[in-house]
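The structure file final.cif is reproduced below (mmCIF, C-alpha atoms).
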data_protein
#
loop_
_atom_site.label_atom_id
_atom_site.label_comp_id
_atom_site.auth_asym_id
_atom_site.auth_seq_id
_atom_site.Cartn_x
_atom_site.Cartn_y
_atom_site.Cartn_z
CA MET A 1390 -17.02 -23.00 12.24
CA PRO A 1391 -17.75 -19.97 14.45
CA SER A 1392 -16.99 -16.50 13.18
CA PRO A 1393 -13.32 -15.62 13.87
CA THR A 1394 -14.39 -12.47 15.64
CA THR A 1395 -16.48 -14.42 18.15
CA LEU A 1396 -13.97 -17.08 19.16
CA SER A 1397 -13.82 -17.42 22.92
CA GLN A 1398 -10.82 -16.26 24.91
CA SER A 1399 -9.99 -19.87 25.74
CA SER A 1400 -10.06 -21.04 22.12
CA LEU A 1401 -7.32 -18.74 20.80
CA ARG A 1402 -4.51 -16.93 22.55
CA VAL A 1403 -1.57 -15.00 21.18
CA PRO A 1404 1.25 -15.93 21.03
CA LEU A 1405 -0.01 -19.18 19.62
CA ALA A 1406 1.78 -22.46 20.20
CA PRO A 1407 2.87 -23.79 16.78
CA ALA A 1408 1.63 -27.27 17.63
CA ASP A 1409 -1.93 -26.47 18.60
CA GLY A 1410 -3.18 -25.52 15.12
CA ARG A 1411 -5.49 -22.72 16.16
CA LEU A 1412 -3.91 -20.15 13.85
CA GLN A 1413 -4.21 -22.64 11.01
CA ARG A 1414 -7.93 -23.10 11.67
CA LEU A 1415 -8.45 -19.35 11.92
CA LEU A 1416 -6.79 -18.65 8.57
CA ALA A 1417 -8.56 -21.53 6.83
CA GLY A 1418 -11.93 -20.29 8.09
CA LEU A 1419 -11.29 -16.74 6.94
CA ALA A 1420 -10.06 -17.85 3.52
CA HIS A 1421 -13.22 -19.92 3.06
CA LYS A 1422 -15.44 -17.06 4.21
CA HIS A 1423 -13.94 -14.59 1.75
CA GLY A 1424 -13.42 -16.97 -1.16
CA VAL A 1425 -9.64 -16.52 -1.14
CA PRO A 1426 -8.01 -19.51 -2.92
CA ALA A 1427 -4.74 -19.40 -0.94
CA ALA A 1428 -3.17 -17.46 1.92
CA GLN A 1429 -0.19 -17.47 4.26
CA LEU A 1430 0.07 -15.99 7.75
CA VAL A 1431 3.00 -15.49 10.12
CA VAL A 1432 2.58 -14.09 13.64
CA THR A 1433 5.53 -13.26 15.88
CA ASP A 1434 4.84 -12.16 19.45
CA GLY A 1435 6.94 -12.36 22.59
CA GLY A 1436 9.77 -14.16 20.80
CA ARG A 1437 7.48 -16.94 19.56
CA THR A 1438 6.45 -17.39 15.95
CA ASP A 1439 3.51 -19.31 14.51
CA SER A 1440 2.60 -19.70 10.86
CA ALA A 1441 -0.31 -21.03 8.85
CA THR A 1442 -1.33 -21.60 5.24
CA ALA A 1443 -4.70 -21.97 3.57
CA GLY A 1444 -5.45 -23.58 0.21
CA GLU A 1445 -3.06 -25.61 -1.86
CA VAL A 1446 0.02 -23.54 -1.21
CA GLY A 1447 3.19 -24.11 0.81
CA ALA A 1448 4.91 -21.77 3.22
CA GLU A 1449 7.59 -20.91 0.64
CA ALA A 1450 5.18 -19.87 -2.15
CA LYS A 1451 5.62 -16.30 -3.43
CA PHE A 1452 2.66 -13.92 -3.77
CA PRO A 1453 2.74 -10.70 -5.86
CA ALA A 1454 3.14 -8.19 -3.04
CA GLY A 1455 2.18 -5.03 -4.90
CA SER A 1456 2.99 -1.81 -3.07
CA ILE A 1457 4.74 -3.53 -0.17
CA THR A 1458 7.60 -3.46 -2.67
CA LYS A 1459 7.86 0.26 -1.89
CA ALA A 1460 8.92 -0.47 1.71
CA PHE A 1461 11.72 -2.68 0.36
CA THR A 1462 12.78 -0.03 -2.16
CA ALA A 1463 12.85 2.54 0.66
CA ALA A 1464 15.04 0.22 2.75
CA LEU A 1465 17.35 -0.22 -0.25
CA ALA A 1466 17.69 3.56 -0.54
CA MET A 1467 18.40 3.76 3.20
CA LEU A 1468 21.25 1.30 2.77
CA LEU A 1469 22.81 3.83 0.38
CA VAL A 1470 22.22 6.53 3.02
CA ALA A 1471 24.08 4.33 5.52
CA ASP A 1472 27.01 4.09 3.10
CA GLY A 1473 27.11 7.87 2.65
CA ASP A 1474 26.19 7.69 -1.03
CA LEU A 1475 22.78 9.29 -0.56
CA ASP A 1476 21.11 11.72 1.85
CA PRO A 1477 17.40 12.15 2.62
CA ASP A 1478 17.79 15.85 1.81
CA ASP A 1479 19.22 15.19 -1.66
CA SER A 1480 16.90 16.32 -4.43
CA LEU A 1481 15.97 13.89 -7.17
CA GLY A 1482 17.60 16.21 -9.69
CA GLU A 1483 20.98 15.80 -7.99
CA HIS A 1484 21.07 12.14 -9.07
CA LEU A 1485 18.83 11.98 -12.15
CA ASP A 1486 19.36 14.11 -15.23
CA GLY A 1487 16.50 15.21 -17.42
CA LEU A 1488 13.74 15.55 -14.80
CA GLY A 1489 13.32 19.27 -15.31
CA PRO A 1490 13.08 22.00 -12.66
CA GLN A 1491 9.75 20.84 -11.18
CA VAL A 1492 10.05 17.07 -10.89
CA GLY A 1493 13.70 17.37 -9.94
CA ARG A 1494 12.84 19.49 -6.85
CA PRO A 1495 11.50 16.93 -4.33
CA ALA A 1496 13.99 15.58 -1.81
CA LEU A 1497 14.50 11.84 -1.33
CA GLY A 1498 12.88 12.02 2.13
CA GLN A 1499 9.84 13.78 0.69
CA VAL A 1500 9.48 11.16 -2.02
CA LEU A 1501 9.77 8.28 0.47
CA SER A 1502 7.06 9.86 2.66
CA HIS A 1503 4.81 10.67 -0.34
CA THR A 1504 5.11 14.41 0.35
CA GLY A 1505 7.09 15.16 -2.82
CA GLY A 1506 4.05 16.32 -4.79
CA LEU A 1507 4.60 13.79 -7.58
CA PRO A 1508 1.65 12.34 -9.53
CA ALA A 1509 0.27 8.94 -8.58
CA ALA A 1510 1.03 7.31 -11.92
CA LEU A 1511 1.81 8.19 -15.51
CA GLY A 1512 -0.81 6.00 -17.17
CA ALA A 1513 -0.30 5.56 -20.90
CA ALA A 1514 2.99 7.47 -20.76
CA ALA A 1515 4.46 4.76 -18.50
CA ASP A 1516 3.14 1.95 -20.70
CA GLY A 1517 5.33 3.12 -23.52
CA ALA A 1518 8.38 3.82 -21.35
CA GLY A 1519 10.64 0.87 -22.07
CA SER A 1520 13.72 2.61 -20.67
CA ALA A 1521 14.67 4.85 -17.78
CA ARG A 1522 15.31 7.72 -20.18
CA ARG A 1523 11.79 7.55 -21.61
CA TYR A 1524 10.23 7.23 -18.15
CA LEU A 1525 12.17 10.26 -16.88
CA ARG A 1526 11.03 12.26 -19.90
CA ALA A 1527 7.41 11.26 -19.20
CA CYS A 1528 7.84 12.38 -15.56
CA ARG A 1529 9.18 15.74 -16.65
CA ASP A 1530 6.20 16.31 -18.91
CA ALA A 1531 3.73 15.25 -16.17
CA GLY A 1532 4.89 17.88 -13.66
CA LEU A 1533 3.77 18.03 -10.00
CA VAL A 1534 0.30 17.82 -8.48
CA GLN A 1535 1.29 20.11 -5.59
CA PRO A 1536 4.48 21.77 -4.28
CA PRO A 1537 6.97 19.46 -2.49
CA GLY A 1538 6.37 19.34 1.25
CA LEU A 1539 2.84 20.73 1.07
CA GLY A 1540 1.15 17.48 2.10
CA PHE A 1541 0.67 13.77 1.48
CA SER A 1542 -0.20 12.41 -1.94
CA TYR A 1543 0.54 8.73 -2.57
CA SER A 1544 2.79 8.28 -5.60
CA ASN A 1545 3.98 5.24 -7.52
CA VAL A 1546 5.99 7.59 -9.70
CA GLY A 1547 8.11 8.71 -6.74
CA TYR A 1548 9.17 5.17 -5.92
CA VAL A 1549 9.97 4.40 -9.54
CA LEU A 1550 12.29 7.41 -9.47
CA VAL A 1551 13.89 6.19 -6.22
CA GLY A 1552 14.58 2.92 -8.02
CA TYR A 1553 16.35 4.84 -10.78
CA VAL A 1554 18.36 6.75 -8.16
CA VAL A 1555 19.49 3.38 -6.75
CA GLU A 1556 20.56 2.33 -10.24
CA ALA A 1557 22.44 5.59 -10.85
CA ILE A 1558 24.41 5.26 -7.59
CA THR A 1559 25.12 1.51 -7.55
CA GLY A 1560 25.63 0.88 -11.25
CA MET A 1561 23.30 -2.14 -10.87
CA SER A 1562 19.77 -2.59 -12.05
CA TRP A 1563 17.09 -2.21 -9.38
CA TRP A 1564 16.56 -5.99 -9.52
CA GLU A 1565 20.26 -6.73 -8.97
CA ALA A 1566 20.59 -4.19 -6.17
CA MET A 1567 17.44 -5.46 -4.45
CA ASP A 1568 18.64 -9.06 -4.58
CA THR A 1569 22.27 -8.42 -3.66
CA LEU A 1570 22.07 -5.63 -1.09
CA LEU A 1571 18.79 -6.39 0.72
CA LEU A 1572 16.99 -9.65 -0.05
CA GLY A 1573 20.12 -11.80 0.06
CA GLU A 1574 21.14 -10.26 3.38
CA LEU A 1575 17.73 -11.14 4.82
CA GLY A 1576 17.85 -14.72 3.52
CA ILE A 1577 15.03 -14.07 1.04
CA ASP A 1578 15.09 -15.78 -2.36
CA ALA A 1579 14.35 -13.10 -4.95
CA ALA A 1580 11.19 -13.37 -7.05
CA PHE A 1581 9.65 -10.70 -9.26
CA VAL A 1582 6.46 -10.43 -11.29
CA VAL A 1583 8.29 -8.59 -14.08
CA GLU A 1584 11.96 -8.46 -14.98
CA PRO A 1585 14.21 -6.49 -17.38
CA GLY A 1586 13.26 -6.85 -21.00
CA ALA A 1587 9.57 -7.25 -20.06
CA ARG A 1588 10.17 -10.92 -19.16
CA ARG A 1589 7.75 -12.38 -16.63
CA ARG A 1590 8.46 -15.51 -14.65
CA THR A 1591 5.90 -18.24 -15.18
CA GLY A 1592 5.73 -20.20 -11.96
CA GLY A 1593 7.86 -17.80 -9.94
CA HIS A 1594 4.76 -16.76 -7.99
CA VAL A 1595 1.16 -17.83 -7.41
CA SER A 1596 -1.60 -16.41 -9.58
CA GLY A 1597 -3.87 -13.66 -8.34
CA HIS A 1598 -7.64 -14.14 -8.52
CA ALA A 1599 -10.63 -11.89 -9.06
CA VAL A 1600 -13.30 -13.11 -6.61
CA HIS A 1601 -16.93 -12.53 -7.63
CA ALA A 1602 -18.77 -10.91 -4.71
CA ALA A 1603 -22.09 -12.68 -5.31
CA THR A 1604 -21.00 -16.19 -6.31
CA GLY A 1605 -17.63 -16.41 -4.57
CA ARG A 1606 -16.06 -17.82 -7.72
CA ALA A 1607 -12.39 -17.01 -8.18
CA ARG A 1608 -10.98 -16.34 -11.65
CA PRO A 1609 -7.19 -16.24 -12.24
CA VAL A 1610 -5.85 -12.91 -13.48
CA ALA A 1611 -2.50 -11.95 -14.97
CA GLN A 1612 -0.13 -9.37 -13.52
CA THR A 1613 -0.06 -6.16 -15.55
CA LEU A 1614 2.75 -4.17 -13.92
CA THR A 1615 5.14 -2.65 -16.47
CA THR A 1616 8.89 -3.16 -16.30
CA ALA A 1617 9.40 0.59 -15.86
CA GLU A 1618 7.36 0.53 -12.63
CA ALA A 1619 9.17 -2.41 -11.00
CA ALA A 1620 10.57 -0.48 -8.03
CA ALA A 1621 7.01 0.42 -6.96
CA GLY A 1622 5.46 -3.04 -7.09
CA ALA A 1623 7.39 -5.94 -8.66
CA LEU A 1624 8.33 -8.09 -5.65
CA ALA A 1625 6.74 -11.48 -5.06
CA LEU A 1626 7.07 -12.55 -1.42
CA SER A 1627 5.91 -15.16 1.06
CA ALA A 1628 4.56 -14.29 4.49
CA ARG A 1629 7.84 -15.63 5.87
CA ASP A 1630 9.72 -13.18 3.66
CA LEU A 1631 7.57 -10.32 4.95
CA ALA A 1632 8.17 -11.43 8.54
CA ALA A 1633 11.94 -11.57 7.96
CA PHE A 1634 11.83 -8.01 6.63
CA GLY A 1635 9.65 -6.92 9.55
CA SER A 1636 11.96 -8.47 12.14
CA MET A 1637 14.78 -6.22 10.88
CA PHE A 1638 12.87 -3.28 12.42
CA CYS A 1639 12.58 -5.12 15.73
CA GLY A 1640 16.32 -5.44 16.25
CA GLY A 1641 16.60 -8.67 14.29
CA ASP A 1642 19.24 -9.64 11.78
CA GLY A 1643 19.45 -7.45 8.71
CA PRO A 1644 21.68 -4.97 6.92
CA LEU A 1645 19.80 -1.78 7.86
CA PRO A 1646 21.29 0.19 10.81
CA ALA A 1647 18.92 0.70 13.74
CA ASP A 1648 18.82 4.51 13.43
CA LEU A 1649 17.74 4.34 9.80
CA ALA A 1650 15.21 1.62 10.55
CA GLU A 1651 13.73 3.99 13.13
CA LEU A 1652 13.78 6.85 10.61
CA MET A 1653 11.73 4.76 8.17
CA ARG A 1654 9.06 4.39 10.88
CA ARG A 1655 9.17 7.92 12.34
CA PRO A 1656 6.09 9.97 11.31
CA VAL A 1657 6.85 12.89 8.99
CA PRO A 1658 5.13 16.14 10.04
CA GLY A 1659 2.44 17.12 7.58
CA ALA A 1660 2.13 13.67 6.04
CA GLU A 1661 -1.60 12.92 6.50
CA PRO A 1662 -2.38 9.72 4.57
CA PHE A 1663 -6.14 9.98 4.97
CA GLY A 1664 -7.86 6.72 4.06
CA LEU A 1665 -4.63 4.69 4.18
CA ALA A 1666 -2.94 5.03 7.57
CA ASP A 1667 -2.51 7.29 10.59
CA SER A 1668 0.93 8.60 9.61
CA TRP A 1669 3.83 7.97 7.24
CA GLY A 1670 7.58 7.78 7.66
CA LEU A 1671 10.40 7.40 5.14
CA GLY A 1672 8.99 4.23 3.59
CA LEU A 1673 6.64 2.78 6.19
CA ALA A 1674 3.11 3.75 7.17
CA GLY A 1675 2.12 4.24 10.81
CA TYR A 1676 -0.90 2.66 12.52
CA ARG A 1677 -2.16 3.33 16.04
CA GLY A 1678 -2.54 0.28 18.28
CA ALA A 1679 -3.95 -0.14 21.78
CA ASP A 1680 -0.57 -0.30 23.50
CA ALA A 1681 1.94 0.75 20.82
CA ASP A 1682 2.37 2.38 17.45
CA TRP A 1683 2.77 -0.11 14.62
CA ALA A 1684 4.50 0.39 11.27
CA GLY A 1685 3.94 -1.47 8.05
CA HIS A 1686 2.56 -1.40 4.54
CA ASP A 1687 -0.30 -2.88 2.50
CA GLY A 1688 0.03 -4.10 -1.06
CA THR A 1689 -2.50 -4.89 -3.76
CA ALA A 1690 -1.43 -6.41 -7.07
CA ASP A 1691 -3.69 -7.95 -9.73
CA GLY A 1692 -5.89 -10.29 -7.68
CA THR A 1693 -3.72 -10.28 -4.55
CA SER A 1694 -3.75 -8.47 -1.21
CA CYS A 1695 -0.81 -8.56 1.22
CA HIS A 1696 -0.31 -6.89 4.60
CA LEU A 1697 2.58 -6.29 7.01
CA ARG A 1698 2.48 -4.84 10.53
CA ILE A 1699 5.47 -4.27 12.83
CA ASP A 1700 5.52 -3.33 16.52
CA ALA A 1701 9.22 -2.60 16.97
CA GLU A 1702 8.84 -1.79 20.68
CA HIS A 1703 7.54 -5.24 21.63
CA GLY A 1704 9.07 -7.28 18.81
CA ARG A 1705 5.72 -8.20 17.23
CA VAL A 1706 5.16 -8.85 13.53
CA VAL A 1707 2.05 -9.91 11.59
CA ALA A 1708 2.44 -10.82 7.90
CA LEU A 1709 -0.39 -11.95 5.60
CA THR A 1710 -0.37 -12.86 1.92
CA THR A 1711 -3.52 -13.69 -0.07
CA ASN A 1712 -4.20 -14.38 -3.76
CA GLY A 1713 -7.77 -13.11 -3.91
CA SER A 1714 -9.22 -9.68 -4.60
CA THR A 1715 -11.18 -10.05 -1.34
CA GLY A 1716 -7.98 -10.42 0.69
CA SER A 1717 -8.36 -6.95 2.20
CA ALA A 1718 -11.68 -8.00 3.77
CA LEU A 1719 -9.96 -11.13 5.11
CA TRP A 1720 -7.30 -8.89 6.65
CA THR A 1721 -9.94 -6.76 8.39
CA ASP A 1722 -11.48 -9.86 9.99
CA LEU A 1723 -8.05 -11.20 10.93
CA VAL A 1724 -7.10 -7.98 12.73
CA ALA A 1725 -10.38 -8.11 14.68
CA ALA A 1726 -9.78 -11.74 15.67
CA LEU A 1727 -6.20 -11.17 16.81
CA ARG A 1728 -7.19 -8.09 18.80
CA LEU A 1729 -9.99 -9.97 20.50
CA GLU A 1730 -7.57 -12.63 21.63
CA GLY A 1731 -4.81 -10.41 22.95
CA LEU A 1732 -2.66 -9.17 20.07
CA PRO A 1733 -3.57 -5.48 19.53
CA VAL A 1734 -2.51 -5.22 15.89
CA GLY A 1735 -2.28 -1.65 14.68
CA ASP A 1736 -4.51 -0.83 11.73
CA TYR A 1737 -6.16 2.20 10.20
CA GLU A 1738 -9.56 2.84 11.73
CA LEU A 1739 -12.21 4.16 9.38
CA PRO A 1740 -14.47 7.00 10.55
CA SER A 1741 -17.58 5.81 12.36
CA GLY A 1742 -21.10 6.25 11.04
CA LEU A 1743 -20.37 5.50 7.39
CA ASP A 1744 -24.04 4.65 6.87
CA ARG A 1745 -25.22 7.87 8.51
CA ALA A 1746 -24.20 10.28 5.81
CA ALA A 1747 -25.81 12.90 3.60
CA ARG A 1748 -26.10 13.07 -0.15
CA PRO A 1749 -23.38 15.37 -1.54
CA ALA A 1750 -24.23 18.79 -2.79
CA ALA A 1751 -24.41 19.25 -6.54
CA ASP A 1752 -21.55 21.77 -6.46
CA LEU A 1753 -19.10 18.95 -5.63
CA THR A 1754 -19.74 17.21 -8.93
CA GLY A 1755 -17.15 17.27 -11.68
CA SER A 1756 -13.69 15.93 -12.47
CA TYR A 1757 -10.67 15.72 -10.19
CA THR A 1758 -7.30 14.77 -11.69
CA ASN A 1759 -3.89 13.55 -10.54
CA GLY A 1760 -1.63 13.09 -13.55
CA ASP A 1761 -3.49 10.72 -15.88
CA LEU A 1762 -5.69 9.47 -13.04
CA GLU A 1763 -9.21 10.90 -13.09
CA TYR A 1764 -11.94 10.85 -10.45
CA GLN A 1765 -15.46 11.95 -11.34
CA VAL A 1766 -18.26 12.80 -8.93
CA ALA A 1767 -21.66 12.59 -10.59
CA ILE A 1768 -25.32 12.50 -9.58
CA ARG A 1769 -27.40 10.16 -11.70
CA ALA A 1770 -31.00 10.56 -12.82
CA ASP A 1771 -32.24 8.41 -9.91
CA GLY A 1772 -30.46 10.73 -7.45
CA ASP A 1773 -27.66 8.30 -6.60
CA ALA A 1774 -24.29 10.05 -6.26
CA VAL A 1775 -21.35 8.01 -7.57
CA LEU A 1776 -17.57 8.15 -7.67
CA VAL A 1777 -16.07 6.98 -10.96
CA VAL A 1778 -12.36 6.09 -10.88
CA ASP A 1779 -10.98 5.56 -14.39
CA GLY A 1780 -14.27 4.03 -15.47
CA GLU A 1781 -14.96 1.92 -12.35
CA VAL A 1782 -18.16 3.02 -10.60
CA TYR A 1783 -18.38 3.24 -6.80
CA PRO A 1784 -22.09 3.81 -6.01
CA GLU A 1785 -23.89 5.50 -3.12
CA LEU A 1786 -21.39 8.27 -2.48
CA ALA A 1787 -22.39 9.99 0.77
CA LEU A 1788 -20.84 12.82 2.76
CA LEU A 1789 -19.80 12.64 6.40
CA ARG A 1790 -19.70 15.71 8.62
CA ASP A 1791 -15.90 16.07 8.49
CA GLY A 1792 -15.85 16.41 4.70
CA SER A 1793 -14.95 12.79 4.05
CA PHE A 1794 -17.20 10.54 2.03
CA SER A 1795 -18.11 6.88 1.86
CA VAL A 1796 -18.98 4.67 -1.12
CA ARG A 1797 -19.91 1.06 -1.85
CA GLU A 1798 -16.97 -1.13 -2.88
CA PRO A 1799 -17.97 -2.77 -6.18
CA ALA A 1800 -16.17 -6.08 -5.54
CA THR A 1801 -17.60 -6.75 -2.06
CA GLY A 1802 -20.59 -4.43 -1.60
CA ARG A 1803 -19.02 -3.17 1.65
CA ARG A 1804 -19.38 0.49 2.55
CA ILE A 1805 -15.88 1.94 2.69
CA ILE A 1806 -14.32 5.34 3.09
CA GLY A 1807 -13.81 6.78 -0.38
CA GLY A 1808 -11.82 9.88 0.49
CA ARG A 1809 -12.33 13.47 1.52
CA PHE A 1810 -12.84 16.83 -0.14
CA LEU A 1811 -10.20 19.51 0.42
CA THR A 1812 -10.90 23.23 0.51
CA ASP A 1813 -8.76 26.14 -0.59
CA PRO A 1814 -7.82 28.07 2.59
CA ALA A 1815 -8.01 31.36 0.71
CA THR A 1816 -11.49 30.92 -0.76
CA GLY A 1817 -13.09 28.19 1.35
CA THR A 1818 -14.26 26.38 -1.79
CA VAL A 1819 -13.57 22.73 -2.60
CA SER A 1820 -10.42 22.65 -4.72
CA ALA A 1821 -9.31 19.01 -4.53
CA MET A 1822 -10.11 15.50 -3.42
CA GLN A 1823 -7.92 13.06 -1.50
CA ALA A 1824 -8.87 9.49 -2.46
CA GLY A 1825 -6.75 6.43 -1.76
CA GLY A 1826 -4.21 8.82 -0.28
CA ARG A 1827 -3.85 10.60 -3.64
CA VAL A 1828 -4.60 14.29 -4.03
CA ALA A 1829 -6.55 15.06 -7.19
CA ARG A 1830 -7.05 18.69 -8.21
CA ARG A 1831 -10.50 19.85 -9.22
CA ARG A 1832 -10.80 20.60 -12.91
CA ARG A 1833 -12.68 23.83 -13.35
CA ARG A 1834 -15.32 24.02 -16.03
CA ALA A 1835 -14.72 26.57 -18.72
CA SER A 1836 -16.88 29.65 -18.20
#
Target encoding C-alpha cells, full file:
Amino acid sequence: MPSPTTLSQSSLRVPLAPADGRLQRLLAGLAHKHGVPAAQLVVTDGGRTDSATAGEVGAEAKFPAGSITKAFTAALAMLLVADGDLDPDDSLGEHLDGLGPQVGRPALGQVLSHTGGLPAALGAAADGAGSARRYLRACRDAGLVQPPGLGFSYSNVGYVLVGYVVEAITGMSWWEAMDTLLLGELGIDAAFVVEPGARRRTGGHVSGHAVHAATGRARPVAQTLTTAEAAAGALALSARDLAAFGSMFCGGDGPLPADLAELMRRPVPGAEPFGLADSWGLGLAGYRGADADWAGHDGTADGTSCHLRIDAEHGRVVALTTNGSTGSALWTDLVAALRLEGLPVGDYELPSGLDRAARPAADLTGSYTNGDLEYQVAIRADGDAVLVVDGEVYPELALLRDGSFSVREPATGRRIIGGRFLTDPATGTVSAMQAGGRVARRRRRAS
C-alpha cells in the first residue's frame, strides 16, 4: 500500500463517500504502519460524514480518552454557567472550602484555560486521596506554581477541582452529572475507566497497548488513573462520541448554548500553550488551519491516543481513537494525508529545523519542578544532553535558536519538541522550563 501522505489527488478526496471505502483503507494502512491494534475515525465535512475502523473493533467500542475528558468537564461547567449557578469569574474558593488562600484564588475561567497557576499533578498525594476532602487538603498543601493569570501551565489538578465544583453545585457526583447533564443529552452512552469506590469496569472499554518501537509488538496495559482524578481523564469514548460532542460546537444538537460554545473556543489572552497548541480557550485548545481556526483536544491514557478537531465555521469535525502508544504518530500522518487531499485539518506545527540544533550550555543543567513532577537536564559523560522526566530518559536534547529544545521520543525514536526555557525578565537568567505545556520552576542549588 502506498504511503498515506503520497496518495494521489484522484485516489482520495474529502468529503469521502461512505460507500467507496477509501477512508477505511487509509486508516487500516496507518494502523498497520504504526502497530496500533485498533482505531476508529470519523470525518465530517460539508454536511457529509464518513467513518472507518481498523483492527477487531466495532464503531461503538469505547477507548480511554485521557485528557479529552477535560473538554467534556469544561462543557459540563459551562452548562452550570448557562443556568446561572456558576460564573467564569468565580474563584475556586467561592465554591470549595478548605483550599486555602493560594489555591482558592484562581477563577474558573483561569482554571479552564490552564492559566490558574495550579500544579500539573499531585503525584503521591493524589494516590492516597480517596475522598474530595483529602484531595482538597493535598491541593492546599501543594500551593501554586505561578500567580493566577500570569501564563499558561497545563494542570490536571485544575480540572479535578472543576469536577468538585460541579459536585458542590449540583449535589451529584461528577459521574452522575456528566452522564445526566451532558452525555445523555448528546446521545452518548456513558463509560468510564474508573468509577466511585475505585471500581473499574472490565469490558467497558478496549485495552490500551504499549507498542515496542523496534519490534512493533503491542502489549496490553492497564489504566492507572485514580478515582480522585476522574474529572481530568476518566471518560471512555468512541470516535462517534467525539464527533457528536464536536458537532455541538458547529451548531448541531446539544445542550450547550451557542455563546458559551464559542467562549470555550475563544483564545484567552496570555495563554501560550507552547508544545501543545497555538492557543487555548475555556476548555478547548486552538489550532491554526489553512482556511480556518480549529478547536479541539488531544488525550493520552495508558496505551491510548485520541484526537478531536473542530472547525465550527465550516461544520467540519475529525475524531480519531487509537489503542496504541504510537497513536500520536498515526495522528500526525493522518493529518498530513487529509490535508493533502483537501481537508486542511488544524494541528499544532512544531518548529522547523529540529535536527539543526546546538548542544545546551552546561548552565541549563539541573532540576525543574512543578508540584511533584520533576524534570532534570543533565549532560552525560559521553557529552549527550538528556531530559529526564520522572525517571524516563529523553536523549539528545538540543537547543533551537528561540530557546526551545528538541529531544528523541523514547517510544518511537522520533525527534520531537521537548519544551522551551523561560527567562526571568528582571535578571535575564533561565528561571523555568515549559515542557508539555507545564511550567516547571528551576530549583536553585544551595550555595
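Using only C-alpha atoms, the smallest distance between any of A:Asp1474, A:Glu1785, A:Asp1691, A:Glu1618 and A:Ala1509 comes from A:Glu1618.
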Which residue is closest to A:Gly1622? Choose from A:Leu1469, A:Ala1674, A:Ala1460, A:Val1555 and count only C-alpha atoms. A:Ala1460
Could you tell me which residues the PyMOL selection byres ((chain A and resi 1606) around 12) returns for this structure, as an MDAnalysis selection string? chainID A and resid 1421:1426 1598:1605 1607:1609 1713:1715 1800
If the PyMOL selection byres ((chain A and resi 1700) around 10) were run on this exact file, what residues would it hold? Put them as a VMD selection string. chain A and resid 1433 to 1434 1635 to 1636 1638 to 1639 1676 1678 1680 to 1685 1698 to 1699 1701 to 1707 1733 to 1735
Translate the PyMOL selection byres ((chain A and resi 1504) around 12), as applied to the file shown, into an explicit residue set as a ChimeraX atom specification. /A:1494-1503,1505-1509,1533-1544,1547-1548,1656-1662,1668-1672,1826-1828
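Computed from the coordinates, the atom CA of A:Ala1617 to atom CA of A:Pro1585 distance equals 8.7 Å.
Candidate residues A:Met1561, A:Leu1645, A:Leu1481, A:Met1567 were compared for distance to A:Leu1525, and the nearest is A:Leu1481, using all atoms listed in the file.
The coordinates place atom CA of A:Arg1790 at 23.8 Å from atom CA of A:Arg1832.
Distances here use only C-alpha atoms; by that measure, the residue among A:Leu1614, A:Val1595, A:Leu1762, A:Ala1464 closest to A:Leu1575 is A:Ala1464.
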Pick out the closest residue to A:Val1446 from this set: A:Ala1821, A:Thr1710, A:Val1470, A:Pro1490. Count only C-alpha atoms. A:Thr1710
May I have the residues at most 9 Å from (7.4, 12.8, -15.9) in the file's coordinates, counting only C-alpha atoms, as a PyMOL selection string? chain A and resi 1488-1489+1492+1507-1508+1511+1514-1515+1523-1533+1546
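Rounded to one decimal, atom CA of A:Ala1466 and atom CA of A:Ala1633 lie 18.3 Å from each other.
Nearest to A:Ala1580 of all the residues A:Ala1557, A:Ala1815, A:Leu1709, A:Ala1454 is A:Ala1454, based on only C-alpha atoms.
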Output requested as a CSV table (one decimal), in the coordinates of the input - stretch 1793-1803 of chain A, filled out with N, CA and C atoms.
chain,number,residue,atom,x,y,z
A,1793,SER,N,-15.3,14.1,4.7
A,1793,SER,CA,-15.0,12.8,4.0
A,1793,SER,C,-16.2,12.2,3.5
A,1794,PHE,N,-16.0,11.2,2.6
A,1794,PHE,CA,-17.2,10.5,2.0
A,1794,PHE,C,-17.0,9.0,1.9
A,1795,SER,N,-18.1,8.3,2.0
A,1795,SER,CA,-18.1,6.9,1.9
A,1795,SER,C,-18.8,6.5,0.5
A,1796,VAL,N,-18.4,5.2,0.1
A,1796,VAL,CA,-19.0,4.7,-1.1
A,1796,VAL,C,-19.1,3.2,-0.9
A,1797,ARG,N,-19.8,2.5,-1.9
A,1797,ARG,CA,-19.9,1.1,-1.8
A,1797,ARG,C,-18.8,0.5,-2.7
A,1798,GLU,N,-18.1,-0.5,-2.1
A,1798,GLU,CA,-17.0,-1.1,-2.9
A,1798,GLU,C,-17.6,-2.1,-3.9
A,1799,PRO,N,-17.3,-1.9,-5.2
A,1799,PRO,CA,-18.0,-2.8,-6.2
A,1799,PRO,C,-17.7,-4.3,-6.0
A,1800,ALA,N,-16.5,-4.7,-5.6
A,1800,ALA,CA,-16.2,-6.1,-5.5
A,1800,ALA,C,-16.9,-6.8,-4.4
A,1801,THR,N,-17.1,-6.1,-3.3
A,1801,THR,CA,-17.6,-6.8,-2.1
A,1801,THR,C,-19.0,-6.2,-1.6
A,1802,GLY,N,-19.4,-5.0,-2.1
A,1802,GLY,CA,-20.6,-4.4,-1.6
A,1802,GLY,C,-20.5,-3.8,-0.2
A,1803,ARG,N,-19.2,-3.8,0.4
A,1803,ARG,CA,-19.0,-3.2,1.6
A,1803,ARG,C,-19.0,-1.7,1.5
